[in-house]
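For reference, the structure discussed in these notes is given below.
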Amino acid sequence: MLTGDHENISREIAKTLNIDEYHAELLPQDKVLLVEKLMKEKFSKGKLLFIGDGINDATVLALSDIGVAMGGLGSDAAIEAADIVIMTYEPSKLSNSIQISQKTMKIVKENIIFAITVLVLSTFGITSMWAAVFADVGVSILAIINALRILKMKTNEGIKKLKYKH
């Protein structure tokens, strides 16, 4: 945890969140140096995510692999530099967005596989011309209907139920 907050507050937050390492009372340039160090130390396929809400975080939000600005009322610089903006101060929303994006990618892959399968079958004459027409127009409609499944997705299930792929 990198923060500009006082040592006492930072220690309590780190303890509450079960964070092993924290750095307190940092100036923006200190955060940049630490993030640059972390970027060099991370695994080759790993990603560095930084969450911030103030103008002091804008540089490291842009520097990290994934920058998340918290709060719609955060500084414009932080919001502009971030890849993701969570409009509230609820970190659980980040977990929700990961869940939704994973579900979305699964549905996108299903739609692509279906469209390519129908087109390949039509190309080789295995299906009729009507199937080719259906593939041209109908697949886009089915893709939209398939994508509507995301609206039924329940969120706020928490970080514990989130499955990460390494």
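Labels used: A, B, ... for chains in the order of the structure tokens, numbers from 1 for residues in each chain, and numbers from 1 for ligands as shown.
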
Nearby residues (only C-alpha atoms) at most 7 Å from Met1 (chain A), same-chain spacing under 4 positions excluded, as a ChimeraX atom specification: /A:21-23

Pull all heavy atoms from the residues just selected and write them as a short mmCIF file (atom, residue, chain, number, x, y, z; two decimals), in the first residue's frame.
data_model
loop_
_atom_site.label_atom_id
_atom_site.label_comp_id
_atom_site.auth_asym_id
_atom_site.auth_seq_id
_atom_site.Cartn_x
_atom_site.Cartn_y
_atom_site.Cartn_z
N GLU A 21 2.80 -5.12 3.44
CA GLU A 21 3.77 -4.04 3.28
C GLU A 21 3.03 -2.74 2.94
O GLU A 21 2.15 -2.73 2.09
CB GLU A 21 4.75 -4.38 2.16
CG GLU A 21 5.85 -3.37 1.97
CD GLU A 21 6.81 -3.79 0.86
OE1 GLU A 21 6.81 -4.96 0.47
OE2 GLU A 21 7.55 -2.90 0.40
N TYR A 22 3.40 -1.68 3.61
CA TYR A 22 2.83 -0.37 3.31
C TYR A 22 3.90 0.70 3.43
O TYR A 22 4.90 0.52 4.12
CB TYR A 22 1.64 -0.06 4.23
CG TYR A 22 2.03 0.24 5.66
CD1 TYR A 22 2.24 1.56 6.08
CD2 TYR A 22 2.19 -0.78 6.58
CE1 TYR A 22 2.61 1.84 7.38
CE2 TYR A 22 2.56 -0.51 7.89
CZ TYR A 22 2.77 0.81 8.29
OH TYR A 22 3.14 1.08 9.57
N HIS A 23 3.68 1.79 2.71
CA HIS A 23 4.58 2.94 2.77
C HIS A 23 3.70 4.17 2.99
O HIS A 23 2.78 4.42 2.20
CB HIS A 23 5.37 3.09 1.47
CG HIS A 23 6.21 1.89 1.16
ND1 HIS A 23 7.50 1.76 1.63
CD2 HIS A 23 5.96 0.77 0.45
CE1 HIS A 23 7.99 0.61 1.21
NE2 HIS A 23 7.07 -0.01 0.50
#

task: Write out as a list in words the residues lying within 12 Å of Leu142 (chain A), counting only C-alpha atoms and excluding same-chain residues fewer than 4 positions away.
output: Ile107, Val108, Glu110, Asn111, Ile112, Phe114, Ala115, Phe134, Ala135, Asp136, Val137, Gly138, Asn146, Ala147, Leu148 and Arg149 of chain A

Run DSSP on the backbone and grab whatever in region 90-129 of chain A lands in alpha helix (DSSP H); send it over as a PDB file with N, CA, C and O atoms, in the first residue's frame.
ATOM      1  N   SER A  92     -15.228  -2.933  -3.528  1.00  0.00           N
ATOM      2  CA  SER A  92     -15.898  -4.143  -4.020  1.00  0.00           C
ATOM      3  C   SER A  92     -16.359  -3.969  -5.459  1.00  0.00           C
ATOM      4  O   SER A  92     -16.539  -4.954  -6.180  1.00  0.00           O
ATOM      5  N   LYS A  93     -16.526  -2.746  -5.904  1.00  0.00           N
ATOM      6  CA  LYS A  93     -16.923  -2.490  -7.294  1.00  0.00           C
ATOM      7  C   LYS A  93     -15.839  -2.964  -8.261  1.00  0.00           C
ATOM      8  O   LYS A  93     -16.138  -3.356  -9.379  1.00  0.00           O
ATOM      9  N   LEU A  94     -14.588  -2.949  -7.831  1.00  0.00           N
ATOM     10  CA  LEU A  94     -13.503  -3.449  -8.667  1.00  0.00           C
ATOM     11  C   LEU A  94     -13.667  -4.953  -8.880  1.00  0.00           C
ATOM     12  O   LEU A  94     -13.523  -5.447  -9.991  1.00  0.00           O
ATOM     13  N   SER A  95     -14.000  -5.653  -7.815  1.00  0.00           N
ATOM     14  CA  SER A  95     -14.267  -7.092  -7.916  1.00  0.00           C
ATOM     15  C   SER A  95     -15.424  -7.343  -8.880  1.00  0.00           C
ATOM     16  O   SER A  95     -15.359  -8.243  -9.727  1.00  0.00           O
ATOM     17  N   ASN A  96     -16.472  -6.537  -8.772  1.00  0.00           N
ATOM     18  CA  ASN A  96     -17.625  -6.682  -9.667  1.00  0.00           C
ATOM     19  C   ASN A  96     -17.234  -6.458 -11.124  1.00  0.00           C
ATOM     20  O   ASN A  96     -17.669  -7.192 -12.013  1.00  0.00           O
ATOM     21  N   SER A  97     -16.417  -5.459 -11.371  1.00  0.00           N
ATOM     22  CA  SER A  97     -16.035  -5.174 -12.756  1.00  0.00           C
ATOM     23  C   SER A  97     -15.183  -6.293 -13.344  1.00  0.00           C
ATOM     24  O   SER A  97     -15.296  -6.605 -14.530  1.00  0.00           O
ATOM     25  N   ILE A  98     -14.364  -6.931 -12.524  1.00  0.00           N
ATOM     26  CA  ILE A  98     -13.573  -8.067 -12.997  1.00  0.00           C
ATOM     27  C   ILE A  98     -14.491  -9.233 -13.331  1.00  0.00           C
ATOM     28  O   ILE A  98     -14.347  -9.879 -14.372  1.00  0.00           O
ATOM     29  N   GLN A  99     -15.471  -9.494 -12.476  1.00  0.00           N
ATOM     30  CA  GLN A  99     -16.424 -10.576 -12.728  1.00  0.00           C
ATOM     31  C   GLN A  99     -17.203 -10.331 -14.020  1.00  0.00           C
ATOM     32  O   GLN A  99     -17.360 -11.238 -14.841  1.00  0.00           O
ATOM     33  N   ILE A 100     -17.671  -9.113 -14.202  1.00  0.00           N
ATOM     34  CA  ILE A 100     -18.442  -8.781 -15.400  1.00  0.00           C
ATOM     35  C   ILE A 100     -17.578  -8.893 -16.648  1.00  0.00           C
ATOM     36  O   ILE A 100     -18.010  -9.410 -17.678  1.00  0.00           O
ATOM     37  N   SER A 101     -16.330  -8.446 -16.571  1.00  0.00           N
ATOM     38  CA  SER A 101     -15.461  -8.523 -17.747  1.00  0.00           C
ATOM     39  C   SER A 101     -15.120  -9.969 -18.097  1.00  0.00           C
ATOM     40  O   SER A 101     -15.036 -10.315 -19.280  1.00  0.00           O
ATOM     41  N   GLN A 102     -14.935 -10.823 -17.090  1.00  0.00           N
ATOM     42  CA  GLN A 102     -14.679 -12.239 -17.364  1.00  0.00           C
ATOM     43  C   GLN A 102     -15.884 -12.876 -18.055  1.00  0.00           C
ATOM     44  O   GLN A 102     -15.734 -13.631 -19.010  1.00  0.00           O
ATOM     45  N   LYS A 103     -17.073 -12.583 -17.570  1.00  0.00           N
ATOM     46  CA  LYS A 103     -18.300 -13.122 -18.176  1.00  0.00           C
ATOM     47  C   LYS A 103     -18.452 -12.581 -19.599  1.00  0.00           C
ATOM     48  O   LYS A 103     -18.821 -13.311 -20.518  1.00  0.00           O
ATOM     49  N   THR A 104     -18.158 -11.308 -19.787  1.00  0.00           N
ATOM     50  CA  THR A 104     -18.266 -10.691 -21.110  1.00  0.00           C
ATOM     51  C   THR A 104     -17.313 -11.362 -22.098  1.00  0.00           C
ATOM     52  O   THR A 104     -17.703 -11.672 -23.229  1.00  0.00           O
ATOM     53  N   MET A 105     -16.078 -11.601 -21.684  1.00  0.00           N
ATOM     54  CA  MET A 105     -15.115 -12.252 -22.578  1.00  0.00           C
ATOM     55  C   MET A 105     -15.555 -13.661 -22.949  1.00  0.00           C
ATOM     56  O   MET A 105     -15.387 -14.087 -24.093  1.00  0.00           O
ATOM     57  N   LYS A 106     -16.141 -14.378 -22.003  1.00  0.00           N
ATOM     58  CA  LYS A 106     -16.644 -15.721 -22.290  1.00  0.00           C
ATOM     59  C   LYS A 106     -17.733 -15.663 -23.359  1.00  0.00           C
ATOM     60  O   LYS A 106     -17.730 -16.443 -24.316  1.00  0.00           O
ATOM     61  N   ILE A 107     -18.643 -14.721 -23.226  1.00  0.00           N
ATOM     62  CA  ILE A 107     -19.743 -14.582 -24.188  1.00  0.00           C
ATOM     63  C   ILE A 107     -19.224 -14.132 -25.545  1.00  0.00           C
ATOM     64  O   ILE A 107     -19.674 -14.619 -26.586  1.00  0.00           O
ATOM     65  N   VAL A 108     -18.267 -13.233 -25.571  1.00  0.00           N
ATOM     66  CA  VAL A 108     -17.679 -12.781 -26.841  1.00  0.00           C
ATOM     67  C   VAL A 108     -17.042 -13.958 -27.572  1.00  0.00           C
ATOM     68  O   VAL A 108     -17.234 -14.131 -28.786  1.00  0.00           O
ATOM     69  N   LYS A 109     -16.299 -14.780 -26.842  1.00  0.00           N
ATOM     70  CA  LYS A 109     -15.671 -15.957 -27.459  1.00  0.00           C
ATOM     71  C   LYS A 109     -16.718 -16.932 -28.000  1.00  0.00           C
ATOM     72  O   LYS A 109     -16.545 -17.483 -29.085  1.00  0.00           O
ATOM     73  N   GLU A 110     -17.809 -17.132 -27.249  1.00  0.00           N
ATOM     74  CA  GLU A 110     -18.888 -18.006 -27.727  1.00  0.00           C
ATOM     75  C   GLU A 110     -19.473 -17.477 -29.035  1.00  0.00           C
ATOM     76  O   GLU A 110     -19.711 -18.237 -29.977  1.00  0.00           O
ATOM     77  N   ASN A 111     -19.714 -16.175 -29.086  1.00  0.00           N
ATOM     78  CA  ASN A 111     -20.283 -15.561 -30.287  1.00  0.00           C
ATOM     79  C   ASN A 111     -19.349 -15.695 -31.491  1.00  0.00           C
ATOM     80  O   ASN A 111     -19.789 -15.983 -32.601  1.00  0.00           O
ATOM     81  N   ILE A 112     -18.081 -15.495 -31.275  1.00  0.00           N
ATOM     82  CA  ILE A 112     -17.109 -15.604 -32.374  1.00  0.00           C
ATOM     83  C   ILE A 112     -17.036 -17.039 -32.882  1.00  0.00           C
ATOM     84  O   ILE A 112     -17.044 -17.277 -34.098  1.00  0.00           O
ATOM     85  N   ILE A 113     -16.973 -17.993 -31.964  1.00  0.00           N
ATOM     86  CA  ILE A 113     -16.913 -19.408 -32.369  1.00  0.00           C
ATOM     87  C   ILE A 113     -18.159 -19.796 -33.158  1.00  0.00           C
ATOM     88  O   ILE A 113     -18.069 -20.458 -34.197  1.00  0.00           O
ATOM     89  N   PHE A 114     -19.322 -19.363 -32.697  1.00  0.00           N
ATOM     90  CA  PHE A 114     -20.565 -19.697 -33.402  1.00  0.00           C
ATOM     91  C   PHE A 114     -20.575 -19.100 -34.807  1.00  0.00           C
ATOM     92  O   PHE A 114     -20.890 -19.777 -35.788  1.00  0.00           O
ATOM     93  N   ALA A 115     -20.207 -17.838 -34.923  1.00  0.00           N
ATOM     94  CA  ALA A 115     -20.218 -17.170 -36.228  1.00  0.00           C
ATOM     95  C   ALA A 115     -19.239 -17.828 -37.199  1.00  0.00           C
ATOM     96  O   ALA A 115     -19.575 -18.084 -38.357  1.00  0.00           O
ATOM     97  N   ILE A 116     -18.045 -18.110 -36.748  1.00  0.00           N
ATOM     98  CA  ILE A 116     -17.046 -18.735 -37.618  1.00  0.00           C
ATOM     99  C   ILE A 116     -17.477 -20.139 -38.020  1.00  0.00           C
ATOM    100  O   ILE A 116     -17.313 -20.533 -39.184  1.00  0.00           O
ATOM    101  N   THR A 117     -18.048 -20.895 -37.088  1.00  0.00           N
ATOM    102  CA  THR A 117     -18.502 -22.257 -37.399  1.00  0.00           C
ATOM    103  C   THR A 117     -19.551 -22.248 -38.498  1.00  0.00           C
ATOM    104  O   THR A 117     -19.447 -23.008 -39.476  1.00  0.00           O
ATOM    105  N   VAL A 118     -20.546 -21.387 -38.377  1.00  0.00           N
ATOM    106  CA  VAL A 118     -21.609 -21.332 -39.392  1.00  0.00           C
ATOM    107  C   VAL A 118     -21.043 -20.882 -40.738  1.00  0.00           C
ATOM    108  O   VAL A 118     -21.381 -21.448 -41.786  1.00  0.00           O
ATOM    109  N   LEU A 119     -20.157 -19.908 -40.728  1.00  0.00           N
ATOM    110  CA  LEU A 119     -19.580 -19.423 -41.979  1.00  0.00           C
ATOM    111  C   LEU A 119     -18.704 -20.481 -42.653  1.00  0.00           C
ATOM    112  O   LEU A 119     -18.736 -20.643 -43.875  1.00  0.00           O
ATOM    113  N   VAL A 120     -17.922 -21.220 -41.867  1.00  0.00           N
ATOM    114  CA  VAL A 120     -17.075 -22.269 -42.436  1.00  0.00           C
ATOM    115  C   VAL A 120     -17.939 -23.388 -43.023  1.00  0.00           C
ATOM    116  O   VAL A 120     -17.677 -23.867 -44.138  1.00  0.00           O
ATOM    117  N   LEU A 121     -18.958 -23.785 -42.298  1.00  0.00           N
ATOM    118  CA  LEU A 121     -19.861 -24.819 -42.805  1.00  0.00           C
ATOM    119  C   LEU A 121     -20.536 -24.380 -44.101  1.00  0.00           C
ATOM    120  O   LEU A 121     -20.698 -25.171 -45.029  1.00  0.00           O
ATOM    121  N   SER A 122     -20.914 -23.116 -44.177  1.00  0.00           N
ATOM    122  CA  SER A 122     -21.538 -22.593 -45.391  1.00  0.00           C
ATOM    123  C   SER A 122     -20.542 -22.527 -46.541  1.00  0.00           C
ATOM    124  O   SER A 122     -20.878 -22.816 -47.689  1.00  0.00           O
ATOM    125  N   THR A 123     -19.329 -22.171 -46.251  1.00  0.00           N
ATOM    126  CA  THR A 123     -18.294 -22.062 -47.281  1.00  0.00           C
ATOM    127  C   THR A 123     -18.036 -23.402 -47.951  1.00  0.00           C
ATOM    128  O   THR A 123     -17.855 -23.476 -49.164  1.00  0.00           O
ATOM    129  N   MET A 129     -27.608 -22.387 -48.452  1.00  0.00           N
ATOM    130  CA  MET A 129     -27.428 -20.948 -48.666  1.00  0.00           C
ATOM    131  C   MET A 129     -28.176 -20.160 -47.592  1.00  0.00           C
ATOM    132  O   MET A 129     -27.721 -19.106 -47.161  1.00  0.00           O
TER     133      MET A 129
END

message: Give me, as a list in words, all polymer residues having an atom no more than 12 Å from Lys37 (chain A), counting only C-alpha atoms and skipping those fewer than 3 positions away in the same chain.
response: Asp30, Lys31, Val32, Leu33, Leu34, Lys40, Glu41, Lys42, Leu48, Val60, Leu63 and Ser64 of chain A

Region 11-132 of chain A: residues DSSP assigns to strand (DSSP E or B), reported as a PyMOL selection string: chain A and resi 23+49-52+66-70+84-86

Grab the residues selected above and save them as a short mmCIF file (atom, residue, chain, number, x, y, z; two decimals), in the first residue's frame with N, CA, C and O atoms.
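What landed in selection.cif:
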data_model
loop_
_atom_site.label_atom_id
_atom_site.label_comp_id
_atom_site.auth_asym_id
_atom_site.auth_seq_id
_atom_site.Cartn_x
_atom_site.Cartn_y
_atom_site.Cartn_z
N HIS A 23 3.68 1.79 2.71
CA HIS A 23 4.58 2.94 2.77
C HIS A 23 3.70 4.17 2.99
O HIS A 23 2.78 4.42 2.20
N LEU A 49 -1.57 -3.16 -10.44
CA LEU A 49 -2.79 -2.37 -10.36
C LEU A 49 -2.59 -1.33 -9.27
O LEU A 49 -2.12 -1.65 -8.18
N PHE A 50 -2.91 -0.09 -9.59
CA PHE A 50 -2.80 0.98 -8.60
C PHE A 50 -4.15 1.66 -8.49
O PHE A 50 -4.78 1.99 -9.50
N ILE A 51 -4.61 1.87 -7.25
CA ILE A 51 -5.88 2.53 -6.98
C ILE A 51 -5.58 3.86 -6.30
O ILE A 51 -4.85 3.90 -5.32
N GLY A 52 -6.14 4.92 -6.84
CA GLY A 52 -5.94 6.24 -6.24
C GLY A 52 -7.13 7.13 -6.49
O GLY A 52 -8.01 6.83 -7.29
N ILE A 66 -2.53 -1.13 -14.75
CA ILE A 66 -3.96 -0.86 -14.64
C ILE A 66 -4.14 0.20 -13.56
O ILE A 66 -3.81 -0.02 -12.40
N GLY A 67 -4.65 1.35 -13.95
CA GLY A 67 -4.91 2.42 -13.00
C GLY A 67 -6.39 2.52 -12.71
O GLY A 67 -7.20 2.54 -13.63
N VAL A 68 -6.74 2.58 -11.44
CA VAL A 68 -8.14 2.66 -11.03
C VAL A 68 -8.33 3.92 -10.20
O VAL A 68 -7.71 4.08 -9.15
N ALA A 69 -9.18 4.82 -10.68
CA ALA A 69 -9.50 6.03 -9.93
C ALA A 69 -10.76 5.75 -9.12
O ALA A 69 -11.74 5.23 -9.64
N MET A 70 -10.72 6.09 -7.84
CA MET A 70 -11.86 5.87 -6.95
C MET A 70 -12.61 7.18 -6.77
O MET A 70 -12.03 8.21 -6.50
N ILE A 84 -9.61 2.67 -15.40
CA ILE A 84 -10.93 2.36 -14.86
C ILE A 84 -11.28 3.44 -13.85
O ILE A 84 -10.44 3.84 -13.05
N VAL A 85 -12.53 3.89 -13.87
CA VAL A 85 -13.01 4.84 -12.88
C VAL A 85 -14.20 4.22 -12.16
O VAL A 85 -15.19 3.84 -12.79
N ILE A 86 -14.07 4.07 -10.86
CA ILE A 86 -15.17 3.58 -10.03
C ILE A 86 -15.80 4.81 -9.40
O ILE A 86 -15.14 5.57 -8.71
#

- prompt: Do you have the CA of Glu80 (chain A)-CA of Thr3 (chain A) distance handy?
  reply: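 So the answer is 19.8 Å.
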
query: When you draw a straight line from CA of Thr127 (chain A) to CA of Val139 (chain A), how long is it in Å?
result: 14.7 Å

- prompt: Which residue, A:Asp20, A:Asn8, A:Val35, A:Ser44, has the smallest gap to Leu61 (chain A) when you use only C-alpha atoms?
  reply: A:Val35

query: For Leu26 (chain A), which residue among A:Ile150, A:Leu2, A:Ala78, A:Ala143 is the nearest when counting only C-alpha atoms?
result: A:Leu2
